[in-house]
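The next block is data-v2.pdb, given as PDB, C-alpha atoms, pLDDT in the B column.
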```pdb
ATOM      1  CA  MET A   6     142.085-142.311 223.126  1.00 70.00           C
ATOM      2  CA  LEU A   7     143.079-143.611 226.562  1.00 78.00           C
ATOM      3  CA  THR A   8     140.223-146.109 226.474  1.00 85.00           C
ATOM      4  CA  LYS A   9     141.446-147.490 223.150  1.00 86.00           C
ATOM      5  CA  LEU A  10     144.986-147.742 224.501  1.00 86.00           C
ATOM      6  CA  ILE A  11     143.719-149.859 227.398  1.00 86.00           C
ATOM      7  CA  TRP A  12     141.868-152.123 224.974  1.00 89.00           C
ATOM      8  CA  ALA A  13     145.002-152.449 222.851  1.00 89.00           C
ATOM      9  CA  ALA A  14     147.064-153.351 225.931  1.00 87.00           C
ATOM     10  CA  LEU A  15     144.547-156.057 226.844  1.00 87.00           C
ATOM     11  CA  LEU A  16     144.720-157.511 223.322  1.00 90.00           C
ATOM     12  CA  ILE A  17     148.514-157.583 223.505  1.00 90.00           C
ATOM     13  CA  ALA A  18     148.374-159.254 226.918  1.00 88.00           C
ATOM     14  CA  ALA A  19     145.925-161.849 225.584  1.00 88.00           C
ATOM     15  CA  ALA A  20     148.126-162.594 222.566  1.00 91.00           C
ATOM     16  CA  ASP A  21     151.212-162.928 224.783  1.00 89.00           C
ATOM     17  CA  ALA A  22     149.351-165.248 227.158  1.00 86.00           C
ATOM     18  CA  LEU A  23     148.217-167.421 224.240  1.00 90.00           C
ATOM     19  CA  TRP A  24     151.758-167.571 222.848  1.00 92.00           C
ATOM     20  CA  ASN A  25     153.169-168.644 226.214  1.00 87.00           C
ATOM     21  CA  GLY A  26     150.373-171.082 227.011  1.00 85.00           C
ATOM     22  CA  GLN A  27     149.150-169.066 230.033  1.00 82.00           C
ATOM     23  CA  PHE A  28     145.499-169.875 229.545  1.00 82.00           C
ATOM     24  CA  SER A  29     144.273-168.485 232.874  1.00 77.00           C
ATOM     25  CA  LEU A  30     145.852-165.133 232.012  1.00 81.00           C
ATOM     26  CA  LEU A  31     144.369-165.364 228.511  1.00 84.00           C
ATOM     27  CA  PHE A  32     140.904-165.907 229.984  1.00 83.00           C
ATOM     28  CA  ILE A  33     141.211-162.942 232.350  1.00 83.00           C
ATOM     29  CA  ALA A  34     142.511-160.639 229.618  1.00 85.00           C
ATOM     30  CA  LEU A  35     139.687-161.578 227.236  1.00 88.00           C
ATOM     31  CA  ALA A  36     137.062-161.397 229.980  1.00 85.00           C
ATOM     32  CA  THR A  37     138.311-157.939 230.954  1.00 85.00           C
ATOM     33  CA  LEU A  38     138.213-156.818 227.328  1.00 87.00           C
ATOM     34  CA  ALA A  39     134.696-158.194 226.785  1.00 90.00           C
ATOM     35  CA  LEU A  40     133.248-156.651 229.939  1.00 85.00           C
ATOM     36  CA  SER A  41     134.859-153.277 229.285  1.00 85.00           C
ATOM     37  CA  MET A  42     133.566-153.188 225.706  1.00 88.00           C
ATOM     38  CA  ALA A  43     130.038-154.323 226.588  1.00 87.00           C
ATOM     39  CA  PRO A  44     128.784-150.772 227.397  1.00 84.00           C
ATOM     40  CA  VAL A  45     129.767-149.666 223.883  1.00 85.00           C
ATOM     41  CA  PHE A  46     127.498-152.238 222.251  1.00 89.00           C
ATOM     42  CA  VAL A  47     124.686-151.608 224.740  1.00 86.00           C
ATOM     43  CA  ALA A  48     124.898-147.871 224.045  1.00 87.00           C
ATOM     44  CA  ARG A  49     124.772-148.454 220.285  1.00 88.00           C
ATOM     45  CA  TRP A  50     121.791-150.768 220.681  1.00 89.00           C
ATOM     46  CA  ALA A  51     119.994-148.173 222.807  1.00 83.00           C
ATOM     47  CA  ASP A  52     121.106-145.324 220.509  1.00 88.00           C
ATOM     48  CA  VAL A  53     122.714-143.453 223.399  1.00 88.00           C
ATOM     49  CA  HIS A  54     125.906-141.414 223.077  1.00 88.00           C
ATOM     50  CA  VAL A  55     128.144-142.251 226.021  1.00 84.00           C
ATOM     51  CA  PRO A  56     130.628-139.473 226.883  1.00 82.00           C
ATOM     52  CA  ALA A  57     134.285-140.446 226.784  1.00 82.00           C
ATOM     53  CA  THR A  58     134.613-139.735 230.514  1.00 80.00           C
ATOM     54  CA  PHE A  59     131.937-142.305 231.370  1.00 80.00           C
ATOM     55  CA  MET A  60     133.460-144.868 229.044  1.00 84.00           C
ATOM     56  CA  LEU A  61     136.939-144.404 230.453  1.00 83.00           C
ATOM     57  CA  ALA A  62     135.600-144.839 233.987  1.00 82.00           C
ATOM     58  CA  VAL A  63     133.977-148.178 233.103  1.00 83.00           C
ATOM     59  CA  VAL A  64     137.081-149.474 231.332  1.00 86.00           C
ATOM     60  CA  ALA A  65     139.331-148.335 234.187  1.00 86.00           C
ATOM     61  CA  PHE A  66     137.160-150.110 236.756  1.00 84.00           C
ATOM     62  CA  VAL A  67     136.964-153.420 234.889  1.00 84.00           C
ATOM     63  CA  GLY A  68     140.663-153.319 234.009  1.00 86.00           C
ATOM     64  CA  GLY A  69     141.690-152.307 237.510  1.00 88.00           C
ATOM     65  CA  THR A  70     139.552-154.982 239.124  1.00 82.00           C
ATOM     66  CA  LEU A  71     140.060-158.003 236.895  1.00 79.00           C
ATOM     67  CA  PHE A  72     143.403-157.385 235.232  1.00 83.00           C
ATOM     68  CA  LEU A  73     145.527-155.319 237.603  1.00 86.00           C
ATOM     69  CA  GLY A  74     143.806-156.647 240.702  1.00 82.00           C
ATOM     70  CA  GLU A  75     143.887-160.352 239.854  1.00 75.00           C
ATOM     71  CA  VAL A  76     146.802-160.768 237.427  1.00 78.00           C
ATOM     72  CA  TYR A  77     149.271-158.319 238.948  1.00 81.00           C
ATOM     73  CA  GLY A  78     148.122-158.729 242.540  1.00 82.00           C
ATOM     74  CA  PHE A  79     147.205-155.117 243.216  1.00 88.00           C
ATOM     75  CA  TYR A  80     144.766-156.285 245.888  1.00 83.00           C
ATOM     76  CA  ASP A  81     147.622-157.842 247.831  1.00 84.00           C
ATOM     77  CA  ARG A  82     150.171-155.124 247.106  1.00 89.00           C
ATOM     78  CA  PHE A  83     147.925-152.167 247.938  1.00 89.00           C
ATOM     79  CA  TRP A  84     145.433-152.540 250.785  1.00 85.00           C
ATOM     80  CA  TRP A  85     143.380-149.611 249.458  1.00 90.00           C
ATOM     81  CA  TRP A  86     143.019-150.918 245.905  1.00 89.00           C
ATOM     82  CA  ASP A  87     139.754-152.798 246.545  1.00 86.00           C
ATOM     83  CA  ILE A  88     138.248-149.774 248.313  1.00 89.00           C
ATOM     84  CA  LEU A  89     139.275-147.505 245.434  1.00 90.00           C
ATOM     85  CA  MET A  90     137.781-149.800 242.798  1.00 88.00           C
ATOM     86  CA  HIS A  91     134.463-150.406 244.529  1.00 88.00           C
ATOM     87  CA  GLY A  92     134.059-146.901 245.923  1.00 90.00           C
ATOM     88  CA  GLY A  93     134.871-145.183 242.647  1.00 88.00           C
ATOM     89  CA  SER A  94     132.657-147.469 240.593  1.00 87.00           C
ATOM     90  CA  ALA A  95     129.744-147.091 243.031  1.00 90.00           C
ATOM     91  CA  VAL A  96     129.901-143.294 242.718  1.00 89.00           C
ATOM     92  CA  GLY A  97     129.888-143.652 238.931  1.00 86.00           C
ATOM     93  CA  PHE A  98     127.007-146.109 238.873  1.00 88.00           C
ATOM     94  CA  GLY A  99     125.069-143.879 241.256  1.00 89.00           C
ATOM     95  CA  LEU A 100     125.414-141.078 238.709  1.00 88.00           C
ATOM     96  CA  ILE A 101     124.510-143.406 235.838  1.00 87.00           C
ATOM     97  CA  GLY A 102     121.417-144.645 237.680  1.00 89.00           C
ATOM     98  CA  PHE A 103     120.340-141.068 238.325  1.00 89.00           C
ATOM     99  CA  VAL A 104     120.874-140.104 234.675  1.00 89.00           C
ATOM    100  CA  LEU A 105     118.864-143.104 233.439  1.00 87.00           C
ATOM    101  CA  VAL A 106     115.878-142.232 235.634  1.00 88.00           C
ATOM    102  CA  PHE A 107     116.203-138.539 234.743  1.00 87.00           C
ATOM    103  CA  MET A 108     116.246-139.549 231.092  1.00 88.00           C
ATOM    104  CA  LEU A 109     112.979-141.494 231.503  1.00 85.00           C
ATOM    105  CA  PHE A 110     111.372-138.250 232.695  1.00 85.00           C
ATOM    106  CA  GLN A 111     112.898-136.450 229.661  1.00 84.00           C
ATOM    107  CA  GLY A 112     114.742-134.076 231.958  1.00 82.00           C
ATOM    108  CA  ASP A 113     111.613-132.863 233.748  1.00 83.00           C
ATOM    109  CA  ARG A 114     112.842-131.916 237.222  1.00 78.00           C
ATOM    110  CA  PHE A 115     109.318-131.883 238.620  1.00 77.00           C
ATOM    111  CA  ALA A 116     108.011-135.188 237.226  1.00 80.00           C
ATOM    112  CA  ALA A 117     108.884-136.870 240.539  1.00 80.00           C
ATOM    113  CA  PRO A 118     110.195-135.735 243.929  1.00 87.00           C
ATOM    114  CA  HIS A 119     113.924-135.138 243.752  1.00 88.00           C
ATOM    115  CA  TRP A 120     114.667-137.568 246.551  1.00 89.00           C
ATOM    116  CA  VAL A 121     112.798-140.336 244.702  1.00 89.00           C
ATOM    117  CA  VAL A 122     114.987-139.915 241.606  1.00 89.00           C
ATOM    118  CA  ALA A 123     118.088-139.951 243.812  1.00 91.00           C
ATOM    119  CA  VAL A 124     116.912-143.133 245.583  1.00 93.00           C
ATOM    120  CA  PHE A 125     116.496-144.882 242.230  1.00 92.00           C
ATOM    121  CA  GLY A 126     120.065-143.890 241.346  1.00 91.00           C
ATOM    122  CA  PHE A 127     121.279-145.239 244.685  1.00 94.00           C
ATOM    123  CA  CYS A 128     119.413-148.541 244.232  1.00 94.00           C
ATOM    124  CA  PHE A 129     120.799-148.954 240.718  1.00 92.00           C
ATOM    125  CA  ALA A 130     124.378-148.577 241.951  1.00 92.00           C
ATOM    126  CA  VAL A 131     123.888-150.982 244.872  1.00 94.00           C
ATOM    127  CA  ALA A 132     122.275-153.536 242.538  1.00 94.00           C
ATOM    128  CA  ILE A 133     125.282-153.374 240.194  1.00 91.00           C
ATOM    129  CA  GLY A 134     127.611-153.822 243.184  1.00 91.00           C
ATOM    130  CA  ALA A 135     125.656-156.866 244.363  1.00 93.00           C
ATOM    131  CA  ALA A 136     125.695-158.348 240.852  1.00 93.00           C
ATOM    132  CA  TRP A 137     129.475-157.905 240.758  1.00 88.00           C
ATOM    133  CA  GLU A 138     129.822-159.844 244.017  1.00 90.00           C
ATOM    134  CA  VAL A 139     127.806-162.674 242.451  1.00 92.00           C
ATOM    135  CA  PHE A 140     130.164-162.525 239.457  1.00 88.00           C
ATOM    136  CA  GLU A 141     133.192-162.798 241.783  1.00 85.00           C
ATOM    137  CA  PHE A 142     131.631-165.799 243.515  1.00 90.00           C
ATOM    138  CA  ALA A 143     130.921-167.456 240.163  1.00 89.00           C
ATOM    139  CA  MET A 144     134.508-166.921 238.967  1.00 82.00           C
ATOM    140  CA  ASP A 145     135.877-168.450 242.149  1.00 85.00           C
ATOM    141  CA  GLN A 146     133.594-171.476 241.989  1.00 87.00           C
ATOM    142  CA  LEU A 147     133.776-172.158 238.252  1.00 84.00           C
ATOM    143  CA  PHE A 148     137.382-171.278 237.431  1.00 77.00           C
ATOM    144  CA  GLY A 149     139.205-171.651 240.737  1.00 78.00           C
ATOM    145  CA  MET A 150     140.027-167.955 241.030  1.00 77.00           C
ATOM    146  CA  ASN A 151     140.287-166.071 244.298  1.00 77.00           C
ATOM    147  CA  MET A 152     138.368-162.884 243.624  1.00 79.00           C
ATOM    148  CA  GLN A 153     136.579-162.989 246.980  1.00 81.00           C
ATOM    149  CA  LYS A 154     139.845-163.179 248.895  1.00 77.00           C
ATOM    150  CA  SER A 155     138.693-163.569 252.525  1.00 76.00           C
ATOM    151  CA  GLY A 156     135.197-164.697 251.546  1.00 78.00           C
ATOM    152  CA  LEU A 157     132.362-163.202 253.574  1.00 85.00           C
ATOM    153  CA  VAL A 158     134.490-160.406 255.048  1.00 87.00           C
ATOM    154  CA  ASP A 159     135.647-159.299 251.594  1.00 85.00           C
ATOM    155  CA  THR A 160     132.122-159.465 250.171  1.00 88.00           C
ATOM    156  CA  MET A 161     130.558-157.474 253.009  1.00 91.00           C
ATOM    157  CA  THR A 162     133.350-154.886 252.951  1.00 91.00           C
ATOM    158  CA  ASP A 163     132.847-154.432 249.219  1.00 90.00           C
ATOM    159  CA  LEU A 164     129.092-154.016 249.643  1.00 93.00           C
ATOM    160  CA  ILE A 165     129.534-151.452 252.428  1.00 94.00           C
ATOM    161  CA  VAL A 166     131.932-149.454 250.245  1.00 93.00           C
ATOM    162  CA  ASP A 167     129.461-149.785 247.363  1.00 93.00           C
ATOM    163  CA  ILE A 168     126.680-148.344 249.527  1.00 95.00           C
ATOM    164  CA  ILE A 169     128.805-145.380 250.619  1.00 94.00           C
ATOM    165  CA  GLY A 170     129.861-144.657 247.035  1.00 92.00           C
ATOM    166  CA  ALA A 171     126.288-145.043 245.778  1.00 93.00           C
ATOM    167  CA  LEU A 172     125.102-142.552 248.394  1.00 94.00           C
ATOM    168  CA  PHE A 173     127.677-140.053 247.193  1.00 91.00           C
ATOM    169  CA  GLY A 174     126.687-140.530 243.539  1.00 89.00           C
ATOM    170  CA  ALA A 175     122.955-140.287 244.304  1.00 90.00           C
ATOM    171  CA  LEU A 176     123.541-137.192 246.439  1.00 91.00           C
ATOM    172  CA  SER A 177     125.295-135.568 243.492  1.00 89.00           C
ATOM    173  CA  GLY A 178     122.199-136.217 241.388  1.00 89.00           C
ATOM    174  CA  TRP A 179     119.939-134.760 244.078  1.00 91.00           C
ATOM    175  CA  LEU A 180     122.100-131.632 244.249  1.00 89.00           C
ATOM    176  CA  TYR A 181     121.879-131.359 240.467  1.00 87.00           C
ATOM    177  CA  LEU A 182     118.079-131.360 240.596  1.00 86.00           C
ATOM    178  CA  LYS A 183     118.186-128.697 243.299  1.00 85.00           C
ATOM    179  CA  GLY A 184     120.472-126.528 241.176  1.00 81.00           C
ATOM    180  CA  LEU A 185     123.244-126.840 243.780  1.00 78.00           C
ATOM    181  CA  TYR A 186     126.373-127.635 241.814  1.00 67.00           C
ATOM    182  CA  ALA A 187     129.168-129.386 243.690  1.00 61.00           C
ATOM    183  CA  PRO A 188     132.446-129.260 241.717  1.00 64.00           C
ATOM    184  CA  GLY A 189     133.096-132.133 239.313  1.00 69.00           C
ATOM    185  CA  MET A 190     130.181-134.554 239.491  1.00 74.00           C
ATOM    186  CA  GLN A 191     127.475-132.364 238.001  1.00 76.00           C
ATOM    187  CA  ARG A 192     129.702-131.627 235.034  1.00 81.00           C
ATOM    188  CA  LEU A 193     129.539-135.325 234.148  1.00 83.00           C
ATOM    189  CA  ILE A 194     125.743-135.172 234.169  1.00 85.00           C
ATOM    190  CA  ASP A 195     125.789-132.071 231.956  1.00 85.00           C
ATOM    191  CA  GLU A 196     128.152-133.835 229.552  1.00 87.00           C
ATOM    192  CA  PHE A 197     125.757-136.761 229.162  1.00 88.00           C
ATOM    193  CA  ILE A 198     122.786-134.433 228.633  1.00 87.00           C
ATOM    194  CA  GLU A 199     124.688-132.403 226.030  1.00 88.00           C
ATOM    195  CA  ARG A 200     125.503-135.578 224.097  1.00 89.00           C
ATOM    196  CA  ASN A 201     121.899-136.848 224.216  1.00 90.00           C
ATOM    197  CA  PRO A 202     119.610-133.780 223.995  1.00 89.00           C
ATOM    198  CA  ARG A 203     116.694-135.683 222.421  1.00 88.00           C
ATOM    199  CA  TYR A 204     116.201-137.603 225.681  1.00 86.00           C
ATOM    200  CA  PHE A 205     115.950-134.413 227.753  1.00 87.00           C
ATOM    201  CA  THR A 206     113.401-132.357 225.830  1.00 87.00           C
ATOM    202  CA  ARG A 207     111.659-131.161 229.007  1.00 84.00           C
ATOM    203  CA  LEU A 208     114.829-129.991 230.713  1.00 79.00           C
ATOM    204  CA  LYS A 209     114.693-126.539 232.231  1.00 72.00           C
ATOM    205  CA  ARG A 210     117.834-125.448 233.983  1.00 62.00           C
ATOM    206  CA  PRO A 211     117.316-123.718 237.323  1.00 55.00           C
ATOM    207  CA  GLU A 212     119.420-120.893 238.668  1.00 56.00           C
ATOM    208  CA  VAL A 213     122.749-122.453 239.587  1.00 53.00           C
ATOM    209  CA  HIS A 214     124.397-122.095 242.988  1.00 54.00           C
ATOM    210  CA  ASN A 215     127.830-123.465 243.786  1.00 58.00           C
ATOM    211  CA  VAL A 216     127.859-125.639 246.892  1.00 54.00           C
ATOM    212  CA  GLY A 217     129.835-124.103 249.733  1.00 52.00           C
ATOM    213  CA  ARG A 218     130.069-120.692 248.092  1.00 50.00           C
ATOM    214  CA  ASN A 219     128.662-117.565 249.731  1.00 49.00           C
ATOM    215  CA  ASP A 220     126.372-115.641 247.366  1.00 47.00           C
ATOM    216  CA  ALA A 221     127.932-112.401 248.607  1.00 44.00           C
ATOM    217  CA  ASP A 222     131.351-113.438 247.280  1.00 45.00           C
TER
END
```

Structure translated into structure tokens:
Amino acid sequence: MLTKLIWAALLIAAADALWNGQFSLLFIALATLALSMAPVFVARWADVHVPATFMLAVVAFVGGTLFLGEVYGFYDRFWWWDILMHGGSAVGFGLIGFVLVFMLFQGDRFAAPHWVVAVFGFCFAVAIGAAWEVFEFAMDQLFGMNMQKSGLVDTMTDLIVDIIGALFGALSGWLYLKGLYAPGMQRLIDEFIERNPRYFTRLKRPEVHNVGRNDAD
């Protein structure tokens, strides 16, 4: 529901921008809408059921980065906004990368060393972060935007935050394979598996241990 409300708000913003002749705002609103809806069409093409939590995270990132960040100046108003957007998205893409690799092994925890699966998740997230920096550069060069802000410093800071977030997301996947459940993240993985059981036919759940909890408690 919240995802659809965000899409509706973007459509309203686009219509208002068109009415008032604010074509740069119109472009950003439509670009935000298109990028945030792209995962829906990719998922349908791949016949994958994307949990609402994953979808909301993608829409929130694209909307927060392009629309709130660029149109309403959140990057200038809140120094931590860029860190929040890149860090949060990197964690999410780290989890997505892990799930995709895990799905290729049909949920078999022993098809490859756990650290290898986690590394693939990490690399996937970093690759997405690098591709986004290329997108920012292209927007600045082609449409005169200022997504890179301070140029090299902004780009490198974003990539460093992406790496840290990707590490966190990949670590969550590694803990999942080990049966060590940290609160929150592993639930997202379970949600994806529950929605797409046919891709995890070899899944065998190990005995679960909560991270940081003494077994004697």

Report as a VMD selection string the full result of the PyMOL selection byres ((chain A and resi 122) around 9) when it is applied to this structure.
-> chain A and resid 102 to 103 106 to 107 117 to 121 123 to 127 175 178 to 179

Counting only C-alpha atoms, what is within 7 Å of stretch 61-66 of chain A, bar same-chain residues fewer than 5 positions away, as a ChimeraX atom specification?
-> /A:8,41,90,94

If the PyMOL selection byres ((chain A and resi 115) around 10) is run on the structure shown, which residues does it catch, given as a PyMOL selection string?
-> chain A and resi 110+112-114+116-119+182+207-209

Evaluate the PyMOL selection byres ((chain A and resi 100) around 10) on the structure here and hand back the selected residues as a PyMOL selection string.
-> chain A and resi 59+94-99+101-105+123+126-127+129-130+171-179+190-191+193-194

Pick out the closest residue to A:His91 from this set: A:Gly149, A:Pro56, A:Gly156, A:Gly74. Count all atoms listed in the file.
-> A:Gly74

Any idea what the distance is between atom CA of A:Val131 and atom CA of A:Thr58?
-> 21.2 Å

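Put simply, atom CA of A:Arg203 is 8.2 Å away from atom CA of A:Gln111.
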
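Minimum distance to A:Thr37 across A:Phe72, A:Phe197, A:Trp50, A:Trp24 (counting all atoms listed in the file) occurs at A:Phe72.
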
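Distance annotation: of A:Ala34, A:Val53, A:Ala48, A:Ile88, the residue with the minimal separation from A:Val67 is A:Ala34; atom set is all atoms listed in the file.
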
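When atom CA of A:Tyr77 is paired with atom CA of A:Asp163, their separation reads 19.8 Å.
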
Taking all atoms listed in the file into account, which of A:Ala57, A:Ala20, A:Ala51, A:Ala135 comes nearest A:Ile165?
-> A:Ala135

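For the choices A:Leu23, A:Met108, A:Met152, A:Leu15, the atom-to-atom distance to A:Val139 is smallest for A:Met152 when using only C-alpha atoms.
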
Box for stretch 106-123 of chain A - axis-aligned, 3 Å on each of the six sides, all listed atoms - centre and size in Å to one decimal, as JSON.
```
{"center_x": 113.0, "center_y": -137.1, "center_z": 238.1, "size_x": 16.1, "size_y": 16.3, "size_z": 22.9}
```

Please provide the set of residues having any atom within 12 Å of A:Leu73, restricted to only C-alpha atoms, with same-chain residues fewer than 2 positions apart removed, written as a ChimeraX atom specification.
-> /A:11,14-15,18,30,33-34,37,65-71,75-83,86-87,90
